[in-house]
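Trainee: Here it is, the structure, as structure tokens.
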Amino acid sequence: MPHDYMIFIMERVSDFDGFTLEQEAALGARHGEFVTKVQDAGGTIIAGDPLENPQPLNRFTPQPDGSVLATDGPFAEAKEVVLGYYKLRAENDEQAREFAAMCPTKSFVDLRRVYPEGASITERGLPPR
């Protein structure tokens with residue numbers, strides 16, 4: 001039975017210092033080729049986008065009293081940040097791994113399975129928050 005997966009594209013922001021329009025076009029072409037390869041192999045790209053500014057606009061943290069603390073920084077800097085993602089459907093974990101291995105990146109990608117709608121987090125081994 002097919003499952004949905006998220007590929008998080010992790011990059012070093014500094015890798016894009018001085019990035020030219022030609023490099024951007026070449027990267028876009030590589031992502032287009034990736035989408036085609038996934039589709040040709042029987043997978044489905046559900047969504048995918050590059051993300052803007054690596055710093056969050058705001059951070060929202062639930063508090064013990066039920067309120068939510070909204071902060072606008074400063075936030076800790078990380079070497080690699082999520083600069084894009086794909087949500088895709090694959091037949092199984094092995095096929096999803098094959099797709100993730102083809103995803104264009106200079107650094108690395110993280111592959112995560114999406115919980116099926118209505119699935120219990122507790123029954124799947126993760127404690128609720």
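Just remember, in the structure tokens the first chain shown is A, the second B, etc., residues are 1-based per chain, and ligands are 1-based in the order shown.
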Please run DSSP on the backbone and report, as a ChimeraX atom specification, all residues within chain A that come out as strand (DSSP E).

Mentor: /A:3-12,44-50,59-62,68-71,80-90,108-113

Trainee: Quick one: residues within 12 Å of Leu111 of chain A, only C-alpha atoms, excluding same-chain residues fewer than 3 positions away - as a ChimeraX atom specification?

Mentor: /A:4-10,85-88,90,93-103,108,114

Trainee: Please provide the set of residues having any atom within 8 Å of Glu11 of chain A, restricted to only C-alpha atoms, with same-chain residues fewer than 2 positions apart removed, written as a JSON list (two decimals) with N, CA and C atoms, in the first residue's frame.

Mentor:
[["chain", "number", "residue", "atom", "x", "y", "z"],
["A", 9, "ILE", "N", 14.92, 19.18, 2.27],
["A", 9, "ILE", "CA", 16.19, 19.48, 1.62],
["A", 9, "ILE", "C", 16.98, 20.41, 2.53],
["A", 13, "VAL", "N", 23.27, 27.72, 4.08],
["A", 13, "VAL", "CA", 22.91, 29.00, 3.46],
["A", 13, "VAL", "C", 24.12, 29.61, 2.77],
["A", 15, "ASP", "N", 26.31, 28.24, 1.10],
["A", 15, "ASP", "CA", 26.55, 27.66, -0.23],
["A", 15, "ASP", "C", 25.90, 28.49, -1.33],
["A", 79, "LYS", "N", 24.08, 25.30, 10.86],
["A", 79, "LYS", "CA", 24.88, 25.23, 9.63],
["A", 79, "LYS", "C", 24.01, 24.84, 8.45],
["A", 80, "GLU", "N", 23.14, 23.84, 8.65],
["A", 80, "GLU", "CA", 22.23, 23.41, 7.59],
["A", 80, "GLU", "C", 20.80, 23.74, 8.02],
["A", 81, "VAL", "N", 20.02, 24.25, 7.08],
["A", 81, "VAL", "CA", 18.63, 24.59, 7.35],
["A", 81, "VAL", "C", 17.76, 24.00, 6.24],
["A", 82, "VAL", "N", 16.48, 23.87, 6.52],
["A", 82, "VAL", "CA", 15.54, 23.37, 5.51],
["A", 82, "VAL", "C", 15.30, 24.50, 4.51],
["A", 83, "LEU", "N", 15.74, 24.30, 3.28],
["A", 83, "LEU", "CA", 15.54, 25.31, 2.24],
["A", 83, "LEU", "C", 14.53, 24.86, 1.19],
["A", 105, "THR", "N", 20.78, 18.12, -3.94],
["A", 105, "THR", "CA", 21.21, 18.87, -2.77],
["A", 105, "THR", "C", 22.72, 18.95, -2.75],
["A", 106, "LYS", "N", 23.25, 20.01, -2.16],
["A", 106, "LYS", "CA", 24.69, 20.10, -1.94],
["A", 106, "LYS", "C", 25.05, 19.49, -0.60],
["A", 107, "SER", "N", 24.10, 19.48, 0.34],
["A", 107, "SER", "CA", 24.37, 18.97, 1.68],
["A", 107, "SER", "C", 23.72, 17.60, 1.87],
["A", 108, "PHE", "N", 22.47, 17.55, 2.29],
["A", 108, "PHE", "CA", 21.80, 16.27, 2.49],
["A", 108, "PHE", "C", 20.30, 16.49, 2.52]]

Trainee: Identify which of the residues A:Glu91, A:Glu117, A:Asp17, A:Glu24 lies closest to Pro50 of chain A, counting only C-alpha atoms when measuring atom-to-atom distances.

Mentor: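 Smallest distance to Pro50 of chain A is found for A:Glu24.
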
Trainee: To one decimal in Å, tell me the separation between atom CA of Thr71 of chain A and atom CA of Leu57 of chain A.

Mentor: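 A separation of 8.9 Å between them.
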
Trainee: Extract the full set of alpha helix (DSSP H) residues from chain A according to DSSP on the backbone, and format it as a VMD selection string.

Mentor: chain A and resid 21 to 40 93 to 102

Trainee: Using only C-alpha atoms, which protein or nucleic acid residues come within 12 Å of Leu69 of chain A? Drop anything in the same chain fewer than 6 positions from it, and give the result as a list in words.

Mentor: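 Residues near the query, excluding close chain neighbours: Asn58, Arg59, Phe60, Thr61, Pro62 and Gln63 of chain A.
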
Trainee: Just how far from atom CA of Ala41 of chain A is atom CA of Ala119 of chain A, in Å to one decimal?

Mentor: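 For atom CA of Ala119 of chain A relative to atom CA of Ala41 of chain A, the distance reads 27.2 Å.
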
Trainee: Provide the atom CA of Gln55 of chain A to atom CA of Gly18 of chain A distance in Å, to one decimal place.

Mentor: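 So the answer is 19.0 Å.
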